[in-house]
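Working notes for the structure below.
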Amino acid sequence: MSELIQHLVNALILGGTYALLGIGLTLIFGIMNVVNFTHGVLYTVGAYVMYLAVAALGLNFFLAFPVAILGGLLLGAVIETVLLRPFRGSDIDTTMLVMIGAGIAMQSALLWIFGGVAKAIPSPFPETPLQIGPVSVSWLRLFVLGAALVLIGGTYALINRTRLGLAMRAAFQDADTAALMGVNTRWIDTATFAMGSSLAAAAGALLGPVYVVTPQMGGLAELKAFAIVILGGLGNVTGAAIGGFILAIAEELGAGYVSSGYRDAMGFLIIIAVLVYRPTGLFAKAERIG
Amino acid sequence: MPGRFTLSTAILLALTASAVAADPIRIGVNEPLTGAFAASGTYVVNGAKIAADEINAKGGVLGRPIELVIEDNKSNPTEAAAVAEKLITSDKTPVMMGAWGSSLTLAVMPKLMDYETPMLVETSSSGKITTSGNPYVFRISPPSSLEAETFAPIADKLALKKVDFLVLNNDFGRGAAADFGKMLKGKGVEVGLVETMDQGAQDMTAQLSKLKSSDSDTIMITSSVDQLVLLFKQMAALGMKKRVITTGGSQNPDQIIAQAGSAAEGTMHLTTFLPWMPGKTPSPEATDYFIAQWKKRGFQFAGVTESFRGYDGIRTIAHAIEKAGSAEPAAITKAFWSVDFTGLNGPIRFAKTGPAGKESGQSKPDVYLIEIKDGAVVVPTL
């Protein structure tokens, strides 16, 4: 029993960052109809900004985190303005190719700048874990979960409670009508892409100190983000949030009770099942299709 | 005018002659410089460069300098095979060193057969490498069976009762679990869980949670340094207190101490080189020279437990070329069998292993057990 609780606690913590990754990707897809293949690299960039700020510049850990988010926000805005704006209105395949190219170029750039050797980000948390009965949780991971939940909540509030969020939702439902109603859809695109990017960077900045930072770390993260988005339904923010936790639980229990060798396969098995039985995602609403 | 003609001809001839004399012998180096094993592969390459510079400073081999043609196999077996093909066919290297990981080396091996070109294996430890009947393979790193054999008396002293394994899900990891498991079972030590992890995996808490609740006293781990750092941190986060022994020789204890901190305290590691105690190595002078060169180049000391293989690997190849008397693949393959010198971790001479008639070469290096204690490397007294 204690093993099961430990697995569930692990999954809860991992799920927070998965949800961040998924929300960032699904936002961009839902509003801009762009499949963002730079998502994994933005995750990596977040981790490297965190590394630079903490290990190289000696910045306080808690200050470095918002710096990393800001880094993702700015880079996202630049990518949108430089690479996506010229292709506005072209079909989804064109932007997909542009994004794949940008992703490869950015990952190679990171490798060129930082080298292939993994970097560790020191964290201010004590190494001795918090012990509750038979279950242990590291303080760093608790912070990761807390920060992820705050960011998920913040994103939710931004989308549902602000004018920007209202404009985003309007653009999501019908970009042309929203533009006729006075919504500056170009600005909405930039804001959306920057916001999605900052969430990916935040996930990287949170997991960088937990793991180690390498130029390739985003590859698997990106695959998982795609899995979560498919699970939750394309463009569905709530679905992505819940999907993140479902994927984490599936991986954790799959590795714990089926076979650890297939840990990363568990998520994809679920996706196959979802695509076969509920192709629009577990949480798709009728009006969100198409 | 004739005088000037003669002079310029002489200069021209001299230039041509020196160009011929300076025509380097190219040695292919097939290592992971990116991907999961980037850190280790880079260390090996930097060690190889020290050997090449040392050899060239002493006049090269057969009167010709050696030149390393270094290629990145991206920690990916498919790439490793492609790199080998490129080195042999396009760069015309008559001999290669590689490919760090067992799965990478195994992927390269059919190419050696196709092109009849020898390869010195500097790091891989899967038994399959020298037992599959490939006569172009010469290995200076210990196979996991040899590691297990050396570990046998230590297992007695540690009074192990039940051991779980956590290994990489590839030839390296599964090979180690099989060889160590066999040795331990032979001693009446119980073997419990055998958990695996992907080479690029960053989160092993699921596997560790399972191992935490098992009734074993020891966990044997086979992986490379980057993943070990993560494992020790995650074990500390789970409050795990079991004895940990790592195998494989790619642990870089200093990097573990630097990056995992107190989480690495008390962990034990089977290693094939003792750079912390140069006096205890088989060739103290060579060890001192190598470590001095390593530091002079500004590399981190942590890398020497990995980079010495690259250094010894290139030195072994140079010995073979010297004995071959020519830089031809067939002659070098034959000459490997007569190599005999003292490397940084024991004598390097190849014994025949594998099916008769197409044996591979296996050298028998020393294996040591070290422990991380108070943030430093010590040889535990057992």
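Note on naming: chains are A, B, ... as they come in the structure tokens, residues start from 1 per chain, ligands start from 1 in the order shown.
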
Quick check: residues of chain B within 7 Å of chain A, only C-alpha atoms, returned as a PDB file with C-alpha atoms, in the first residue's frame.
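Written output follows (iface21.pdb):
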ATOM      1  CA  LEU B  33      29.703  13.398 -28.434  1.00  0.00           C
ATOM      2  CA  THR B  34      26.016  14.272 -28.192  1.00  0.00           C
ATOM      3  CA  GLY B  35      23.020  12.452 -26.741  1.00  0.00           C
ATOM      4  CA  ALA B  38      27.878  12.931 -24.505  1.00  0.00           C
ATOM      5  CA  ALA B  39      29.867  13.572 -21.325  1.00  0.00           C
ATOM      6  CA  ASN B 169      17.681  -1.382 -20.755  1.00  0.00           C
ATOM      7  CA  GLU B 195      14.525  -3.252 -12.927  1.00  0.00           C
ATOM      8  CA  THR B 196      15.468  -1.480 -16.134  1.00  0.00           C
ATOM      9  CA  MET B 197      15.539   2.122 -17.320  1.00  0.00           C
ATOM     10  CA  ASP B 198      15.864   3.799 -20.678  1.00  0.00           C
ATOM     11  CA  GLN B 202      15.519  11.311 -16.339  1.00  0.00           C
ATOM     12  CA  THR B 205      11.306   7.399  -9.161  1.00  0.00           C
ATOM     13  CA  ALA B 206       8.886   4.660 -10.252  1.00  0.00           C
ATOM     14  CA  GLN B 207      11.656   2.052 -10.401  1.00  0.00           C
ATOM     15  CA  SER B 209       9.921   3.328  -5.313  1.00  0.00           C
ATOM     16  CA  LYS B 210       9.585  -0.332  -6.224  1.00  0.00           C
ATOM     17  CA  SER B 213       9.866  -1.477  -0.779  1.00  0.00           C
ATOM     18  CA  ASP B 226      24.702  11.507 -15.826  1.00  0.00           C
ATOM     19  CA  LEU B 230      19.948  11.631 -11.090  1.00  0.00           C
ATOM     20  CA  ALA B 236      17.869  10.602  -1.420  1.00  0.00           C
ATOM     21  CA  ALA B 237      14.531  12.247  -2.180  1.00  0.00           C
ATOM     22  CA  LEU B 238      12.805   8.931  -1.549  1.00  0.00           C
ATOM     23  CA  GLY B 239      14.737   8.474   1.693  1.00  0.00           C
ATOM     24  CA  GLN B 259      26.692  17.053  -8.875  1.00  0.00           C
TER      25      GLN B 259
END

I want to know what sits within 12 Å of Ala335 in chain B, based on only C-alpha atoms, with residues of the same chain fewer than 2 positions away left out; could you give that as a PDB file with N, CA and C atoms, in the first residue's frame?
ATOM      1  N   VAL B  95      42.238   1.661 -39.162  1.00  0.00           N
ATOM      2  CA  VAL B  95      41.927   1.128 -37.840  1.00  0.00           C
ATOM      3  C   VAL B  95      41.100   2.182 -37.106  1.00  0.00           C
ATOM      4  N   PRO B 118      39.992  -3.484 -38.420  1.00  0.00           N
ATOM      5  CA  PRO B 118      39.950  -3.736 -36.978  1.00  0.00           C
ATOM      6  C   PRO B 118      39.480  -2.522 -36.178  1.00  0.00           C
ATOM      7  N   TYR B 136      37.803  -8.933 -35.722  1.00  0.00           N
ATOM      8  CA  TYR B 136      38.337  -7.575 -35.897  1.00  0.00           C
ATOM      9  C   TYR B 136      38.165  -6.733 -34.635  1.00  0.00           C
ATOM     10  N   PHE B 138      39.107  -5.872 -30.737  1.00  0.00           N
ATOM     11  CA  PHE B 138      40.115  -5.979 -29.681  1.00  0.00           C
ATOM     12  C   PHE B 138      39.699  -5.060 -28.550  1.00  0.00           C
ATOM     13  N   THR B 316      47.404   1.843 -27.627  1.00  0.00           N
ATOM     14  CA  THR B 316      47.368   0.442 -28.062  1.00  0.00           C
ATOM     15  C   THR B 316      47.383   0.352 -29.592  1.00  0.00           C
ATOM     16  N   ILE B 317      46.588   1.207 -30.226  1.00  0.00           N
ATOM     17  CA  ILE B 317      46.532   1.214 -31.690  1.00  0.00           C
ATOM     18  C   ILE B 317      47.909   1.572 -32.264  1.00  0.00           C
ATOM     19  N   ALA B 318      48.576   2.566 -31.650  1.00  0.00           N
ATOM     20  CA  ALA B 318      49.903   2.979 -32.130  1.00  0.00           C
ATOM     21  C   ALA B 318      50.888   1.818 -32.010  1.00  0.00           C
ATOM     22  N   HIS B 319      50.834   1.092 -30.899  1.00  0.00           N
ATOM     23  CA  HIS B 319      51.699  -0.084 -30.726  1.00  0.00           C
ATOM     24  C   HIS B 319      51.440  -1.095 -31.839  1.00  0.00           C
ATOM     25  N   ALA B 320      50.148  -1.307 -32.139  1.00  0.00           N
ATOM     26  CA  ALA B 320      49.792  -2.290 -33.166  1.00  0.00           C
ATOM     27  C   ALA B 320      50.312  -1.862 -34.536  1.00  0.00           C
ATOM     28  N   ILE B 321      50.163  -0.567 -34.858  1.00  0.00           N
ATOM     29  CA  ILE B 321      50.630  -0.084 -36.172  1.00  0.00           C
ATOM     30  C   ILE B 321      52.154  -0.248 -36.260  1.00  0.00           C
ATOM     31  N   GLU B 322      52.837   0.094 -35.168  1.00  0.00           N
ATOM     32  CA  GLU B 322      54.295  -0.025 -35.122  1.00  0.00           C
ATOM     33  C   GLU B 322      54.708  -1.478 -35.406  1.00  0.00           C
ATOM     34  N   LYS B 323      54.011  -2.403 -34.730  1.00  0.00           N
ATOM     35  CA  LYS B 323      54.345  -3.828 -34.909  1.00  0.00           C
ATOM     36  C   LYS B 323      53.957  -4.310 -36.298  1.00  0.00           C
ATOM     37  N   ALA B 324      52.893  -3.742 -36.867  1.00  0.00           N
ATOM     38  CA  ALA B 324      52.438  -4.157 -38.195  1.00  0.00           C
ATOM     39  C   ALA B 324      53.438  -3.736 -39.264  1.00  0.00           C
ATOM     40  N   GLY B 325      54.122  -2.636 -39.012  1.00  0.00           N
ATOM     41  CA  GLY B 325      55.096  -2.154 -39.987  1.00  0.00           C
ATOM     42  C   GLY B 325      54.448  -1.475 -41.177  1.00  0.00           C
ATOM     43  N   SER B 326      53.130  -1.412 -41.200  1.00  0.00           N
ATOM     44  CA  SER B 326      52.442  -0.689 -42.271  1.00  0.00           C
ATOM     45  C   SER B 326      51.064  -0.292 -41.756  1.00  0.00           C
ATOM     46  N   ALA B 327      50.472   0.673 -42.432  1.00  0.00           N
ATOM     47  CA  ALA B 327      49.168   1.151 -41.981  1.00  0.00           C
ATOM     48  C   ALA B 327      48.054   0.503 -42.793  1.00  0.00           C
ATOM     49  N   GLU B 328      48.113  -0.814 -42.925  1.00  0.00           N
ATOM     50  CA  GLU B 328      47.083  -1.538 -43.668  1.00  0.00           C
ATOM     51  C   GLU B 328      46.193  -2.304 -42.686  1.00  0.00           C
ATOM     52  N   PRO B 329      44.864  -2.310 -42.918  1.00  0.00           N
ATOM     53  CA  PRO B 329      43.950  -2.969 -41.972  1.00  0.00           C
ATOM     54  C   PRO B 329      44.350  -4.413 -41.639  1.00  0.00           C
ATOM     55  N   ALA B 330      44.712  -5.191 -42.651  1.00  0.00           N
ATOM     56  CA  ALA B 330      45.010  -6.612 -42.403  1.00  0.00           C
ATOM     57  C   ALA B 330      46.247  -6.764 -41.521  1.00  0.00           C
ATOM     58  N   ALA B 331      47.279  -5.977 -41.821  1.00  0.00           N
ATOM     59  CA  ALA B 331      48.512  -6.060 -41.043  1.00  0.00           C
ATOM     60  C   ALA B 331      48.276  -5.604 -39.605  1.00  0.00           C
ATOM     61  N   ILE B 332      47.461  -4.563 -39.437  1.00  0.00           N
ATOM     62  CA  ILE B 332      47.196  -4.050 -38.082  1.00  0.00           C
ATOM     63  C   ILE B 332      46.396  -5.085 -37.289  1.00  0.00           C
ATOM     64  N   THR B 333      45.401  -5.695 -37.945  1.00  0.00           N
ATOM     65  CA  THR B 333      44.597  -6.726 -37.271  1.00  0.00           C
ATOM     66  C   THR B 333      45.518  -7.818 -36.718  1.00  0.00           C
ATOM     67  N   TRP B 337      47.618  -8.849 -32.023  1.00  0.00           N
ATOM     68  CA  TRP B 337      47.867 -10.029 -31.191  1.00  0.00           C
ATOM     69  C   TRP B 337      49.233  -9.993 -30.519  1.00  0.00           C
ATOM     70  N   SER B 338      50.159  -9.174 -31.052  1.00  0.00           N
ATOM     71  CA  SER B 338      51.490  -9.138 -30.420  1.00  0.00           C
ATOM     72  C   SER B 338      51.714  -7.875 -29.593  1.00  0.00           C
ATOM     73  N   VAL B 339      50.656  -7.057 -29.423  1.00  0.00           N
ATOM     74  CA  VAL B 339      50.794  -5.865 -28.562  1.00  0.00           C
ATOM     75  C   VAL B 339      51.035  -6.327 -27.130  1.00  0.00           C
ATOM     76  N   ASP B 340      51.990  -5.695 -26.469  1.00  0.00           N
ATOM     77  CA  ASP B 340      52.265  -6.035 -25.073  1.00  0.00           C
ATOM     78  C   ASP B 340      52.930  -4.850 -24.385  1.00  0.00           C
ATOM     79  N   ARG B 349      47.538  -6.835 -23.301  1.00  0.00           N
ATOM     80  CA  ARG B 349      47.847  -7.865 -24.285  1.00  0.00           C
ATOM     81  C   ARG B 349      46.574  -8.685 -24.470  1.00  0.00           C
ATOM     82  N   PHE B 350      46.377  -9.119 -25.703  1.00  0.00           N
ATOM     83  CA  PHE B 350      45.072  -9.684 -26.034  1.00  0.00           C
ATOM     84  C   PHE B 350      45.065 -11.200 -25.967  1.00  0.00           C
ATOM     85  N   GLY B 361      39.890 -10.297 -29.558  1.00  0.00           N
ATOM     86  CA  GLY B 361      40.934 -10.071 -28.563  1.00  0.00           C
ATOM     87  C   GLY B 361      40.366  -9.420 -27.317  1.00  0.00           C
TER      88      GLY B 361
END

*Just asking: which residues within range 122-355 of chain B are helix (DSSP H, G or I) according to DSSP, as a PyMOL selection string?*
chain B and resi 128-131+144-158+171-186+205-212+225-237+253-264+278-280+284-296+301-324+329-336

Dump of C-alpha atoms for the selected residues, as a CSV table (one decimal), in the first residue's frame:
chain,number,residue,atom,x,y,z
B,128,LYS,CA,28.6,-10.4,-26.6
B,129,ILE,CA,31.2,-8.2,-28.0
B,130,THR,CA,34.1,-10.6,-27.7
B,131,THR,CA,32.1,-13.9,-27.9
B,144,SER,CA,31.0,-7.5,-17.2
B,145,SER,CA,31.8,-11.2,-16.5
B,146,LEU,CA,35.4,-10.2,-15.7
B,147,GLU,CA,34.1,-7.3,-13.5
B,148,ALA,CA,31.8,-9.8,-11.7
B,149,GLU,CA,34.7,-12.2,-11.2
B,150,THR,CA,36.8,-9.5,-9.6
B,151,PHE,CA,33.8,-8.5,-7.5
B,152,ALA,CA,33.2,-12.1,-6.2
B,153,PRO,CA,35.6,-11.9,-3.2
B,154,ILE,CA,34.4,-8.4,-2.3
B,155,ALA,CA,30.8,-9.7,-2.3
B,156,ASP,CA,31.9,-12.2,0.4
B,157,LYS,CA,33.4,-9.5,2.6
B,158,LEU,CA,30.4,-7.2,2.2
B,171,ASP,CA,23.2,-4.7,-23.9
B,172,PHE,CA,25.4,-3.0,-21.4
B,173,GLY,CA,22.9,-3.0,-18.5
B,174,ARG,CA,21.2,-6.3,-19.1
B,175,GLY,CA,24.6,-8.0,-19.7
B,176,ALA,CA,25.8,-6.7,-16.3
B,177,ALA,CA,22.7,-7.9,-14.5
B,178,ALA,CA,23.0,-11.3,-16.1
B,179,ASP,CA,26.8,-11.7,-15.3
B,180,PHE,CA,26.6,-10.3,-11.8
B,181,GLY,CA,23.4,-12.2,-11.1
B,182,LYS,CA,25.0,-15.5,-12.1
B,183,MET,CA,28.1,-14.9,-10.0
B,184,LEU,CA,26.0,-13.9,-6.9
B,185,LYS,CA,23.6,-16.9,-7.3
B,186,GLY,CA,26.7,-19.1,-7.4
B,205,THR,CA,11.3,7.4,-9.2
B,206,ALA,CA,8.9,4.7,-10.3
B,207,GLN,CA,11.7,2.1,-10.4
B,208,LEU,CA,13.2,3.4,-7.2
B,209,SER,CA,9.9,3.3,-5.3
B,210,LYS,CA,9.6,-0.3,-6.2
B,211,LEU,CA,13.2,-1.1,-5.1
B,212,LYS,CA,12.6,0.9,-1.9
B,225,VAL,CA,27.5,9.1,-14.8
B,226,ASP,CA,24.7,11.5,-15.8
B,227,GLN,CA,22.0,9.0,-14.9
B,228,LEU,CA,23.8,8.0,-11.7
B,229,VAL,CA,23.7,11.6,-10.5
B,230,LEU,CA,19.9,11.6,-11.1
B,231,LEU,CA,19.5,8.2,-9.4
B,232,PHE,CA,21.4,9.2,-6.3
B,233,LYS,CA,19.4,12.5,-6.0
B,234,GLN,CA,16.1,10.7,-6.5
B,235,MET,CA,17.1,7.9,-4.0
B,236,ALA,CA,17.9,10.6,-1.4
B,237,ALA,CA,14.5,12.2,-2.2
B,253,PRO,CA,33.0,9.5,-9.1
B,254,ASP,CA,34.3,13.1,-8.9
B,255,GLN,CA,31.4,14.3,-11.1
B,256,ILE,CA,29.0,12.3,-9.0
B,257,ILE,CA,30.4,14.0,-5.8
B,258,ALA,CA,30.2,17.4,-7.5
B,259,GLN,CA,26.7,17.1,-8.9
B,260,ALA,CA,24.9,14.7,-6.5
B,261,GLY,CA,26.6,16.0,-3.3
B,262,SER,CA,25.7,14.3,-0.1
B,263,ALA,CA,23.2,12.0,-2.0
B,264,ALA,CA,26.2,10.1,-3.2
B,278,PRO,CA,48.6,7.3,-8.9
B,279,GLY,CA,51.1,5.4,-6.9
B,280,LYS,CA,48.8,2.4,-6.7
B,284,PRO,CA,52.6,5.4,-11.9
B,285,GLU,CA,54.8,7.4,-14.3
B,286,ALA,CA,52.4,7.1,-17.2
B,287,THR,CA,49.5,7.9,-14.8
B,288,ASP,CA,51.2,11.0,-13.6
B,289,TYR,CA,52.0,12.1,-17.1
B,290,PHE,CA,48.5,11.6,-18.3
B,291,ILE,CA,46.9,13.4,-15.3
B,292,ALA,CA,49.3,16.3,-15.7
B,293,GLN,CA,48.5,16.6,-19.4
B,294,TRP,CA,44.8,16.4,-18.6
B,295,LYS,CA,45.0,19.2,-16.1
B,296,LYS,CA,47.3,21.3,-18.4
B,301,PHE,CA,39.8,16.0,-13.0
B,302,ALA,CA,36.4,14.2,-12.9
B,303,GLY,CA,36.9,13.1,-16.5
B,304,VAL,CA,40.0,11.0,-16.1
B,305,THR,CA,38.3,7.8,-15.0
B,306,GLU,CA,36.7,7.8,-18.5
B,307,SER,CA,39.3,9.6,-20.6
B,308,PHE,CA,42.2,7.2,-19.7
B,309,ARG,CA,40.5,4.7,-21.9
B,310,GLY,CA,40.8,6.9,-24.9
B,311,TYR,CA,44.5,7.5,-24.0
B,312,ASP,CA,45.2,3.8,-23.6
B,313,GLY,CA,43.1,3.0,-26.7
B,314,ILE,CA,45.1,5.2,-29.0
B,315,ARG,CA,48.4,4.1,-27.4
B,316,THR,CA,47.4,0.4,-28.1
B,317,ILE,CA,46.5,1.2,-31.7
B,318,ALA,CA,49.9,3.0,-32.1
B,319,HIS,CA,51.7,-0.1,-30.7
B,320,ALA,CA,49.8,-2.3,-33.2
B,321,ILE,CA,50.6,-0.1,-36.2
B,322,GLU,CA,54.3,0.0,-35.1
B,323,LYS,CA,54.3,-3.8,-34.9
B,324,ALA,CA,52.4,-4.2,-38.2
B,329,PRO,CA,44.0,-3.0,-42.0
B,330,ALA,CA,45.0,-6.6,-42.4
B,331,ALA,CA,48.5,-6.1,-41.0
B,332,ILE,CA,47.2,-4.1,-38.1
B,333,THR,CA,44.6,-6.7,-37.3
B,334,LYS,CA,47.4,-9.3,-37.2
B,335,ALA,CA,49.7,-7.1,-35.1
B,336,PHE,CA,47.1,-6.5,-32.4

*Picked from range 169-306 of chain B by DSSP as strand (DSSP E), as a PyMOL selection string*: chain B and resi 190-197+218-222+243-247+268-271

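For the atom pair formed by CA of Ala64 in chain A and CA of Pro124 in chain A, the distance is 12.0 Å, given to one decimal.
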
*Neighbours of range 50-56 of chain A within 10 Å (only C-alpha atoms; same-chain residues fewer than 4 positions away dropped), as a ChimeraX atom specification?*
/A:44-46,60-69,71,119-123,201-202,204-206,208-209,212-213

Skip Gly76 in chain A itself and residues of its chain fewer than 5 positions away, then list as an mmCIF file with N, CA and C atoms, in the first residue's frame all residues within 9 Å of it, counting only C-alpha atoms.
data_model
loop_
_atom_site.group_PDB
_atom_site.id
_atom_site.type_symbol
_atom_site.label_atom_id
_atom_site.label_comp_id
_atom_site.auth_asym_id
_atom_site.auth_seq_id
_atom_site.Cartn_x
_atom_site.Cartn_y
_atom_site.Cartn_z
ATOM 1 N N LEU A 42 11.937 25.006 -26.382
ATOM 2 C CA LEU A 42 11.621 26.090 -25.448
ATOM 3 C C LEU A 42 11.697 25.584 -24.004
ATOM 4 N N GLY A 71 12.295 34.686 -20.127
ATOM 5 C CA GLY A 71 13.117 34.285 -21.273
ATOM 6 C C GLY A 71 12.284 33.536 -22.299
ATOM 7 N N THR A 81 6.933 36.445 -34.189
ATOM 8 C CA THR A 81 7.038 37.623 -35.053
ATOM 9 C C THR A 81 7.879 37.333 -36.295
ATOM 10 N N THR A 190 0.691 36.738 -31.234
ATOM 11 C CA THR A 190 1.983 36.915 -30.563
ATOM 12 C C THR A 190 1.854 36.594 -29.076
ATOM 13 N N ALA A 191 0.802 37.136 -28.458
ATOM 14 C CA ALA A 191 0.609 36.921 -27.025
ATOM 15 C C ALA A 191 0.421 35.437 -26.728
ATOM 16 N N THR A 192 -0.363 34.765 -27.567
ATOM 17 C CA THR A 192 -0.626 33.343 -27.339
ATOM 18 C C THR A 192 0.653 32.527 -27.458
ATOM 19 N N PHE A 193 1.397 32.794 -28.526
ATOM 20 C CA PHE A 193 2.614 32.004 -28.731
ATOM 21 C C PHE A 193 3.619 32.268 -27.612
ATOM 22 N N ALA A 194 3.725 33.533 -27.211
ATOM 23 C CA ALA A 194 4.650 33.883 -26.133
ATOM 24 C C ALA A 194 4.227 33.207 -24.834
ATOM 25 N N MET A 195 2.915 33.193 -24.588
ATOM 26 C CA MET A 195 2.420 32.596 -23.352
ATOM 27 C C MET A 195 2.655 31.080 -23.353
ATOM 28 N N GLY A 196 2.335 30.440 -24.466
ATOM 29 C CA GLY A 196 2.569 28.992 -24.569
ATOM 30 C C GLY A 196 4.042 28.669 -24.379
ATOM 31 N N SER A 197 4.893 29.497 -24.983
ATOM 32 C CA SER A 197 6.335 29.283 -24.881
ATOM 33 C C SER A 197 6.808 29.453 -23.448
ATOM 34 N N SER A 198 6.261 30.462 -22.770
ATOM 35 C CA SER A 198 6.712 30.708 -21.400
ATOM 36 C C SER A 198 6.317 29.548 -20.493
#

_Shell around Ile27 in chain B at 8 Å using only C-alpha atoms, local window under 6 positions removed, as JSON, numbers by chain_ = {"B": [66, 67, 68, 69, 93, 94, 95, 96, 97]}

What would the file look like if the residues just selected were written as a compact mmCIF listing (two decimals), in the first residue's frame with N, CA and C atoms?
# COMPACT_ATOMS: atom_id res chain seq x y z
N ILE B 66 50.37 10.62 -36.50
CA ILE B 66 49.03 10.03 -36.55
C ILE B 66 48.01 11.17 -36.50
N GLU B 67 46.89 10.92 -37.13
CA GLU B 67 45.83 11.93 -37.16
C GLU B 67 44.53 11.26 -36.75
N LEU B 68 43.85 11.83 -35.76
CA LEU B 68 42.58 11.27 -35.33
C LEU B 68 41.45 11.85 -36.18
N VAL B 69 40.64 10.99 -36.76
CA VAL B 69 39.45 11.46 -37.46
C VAL B 69 38.28 11.17 -36.52
N THR B 93 40.32 5.22 -42.97
CA THR B 93 41.07 4.92 -41.76
C THR B 93 41.29 3.40 -41.69
N PRO B 94 42.55 2.96 -41.53
CA PRO B 94 42.82 1.52 -41.52
C PRO B 94 42.49 0.85 -40.20
N VAL B 95 42.24 1.66 -39.16
CA VAL B 95 41.93 1.13 -37.84
C VAL B 95 41.10 2.18 -37.11
N MET B 96 40.21 1.70 -36.22
CA MET B 96 39.35 2.65 -35.51
C MET B 96 39.33 2.35 -34.02
N MET B 97 38.87 3.36 -33.27
CA MET B 97 38.59 3.14 -31.85
C MET B 97 37.11 3.50 -31.64

*So, counting only C-alpha atoms, which residue among A:Ala178, A:Phe37, A:Leu110, A:Met1 is closest to Val49 in chain A?*
A:Leu110

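The interatomic distance for the pair CA of Ala167 in chain A and CA of Ala102 in chain A works out to 27.9 Å.
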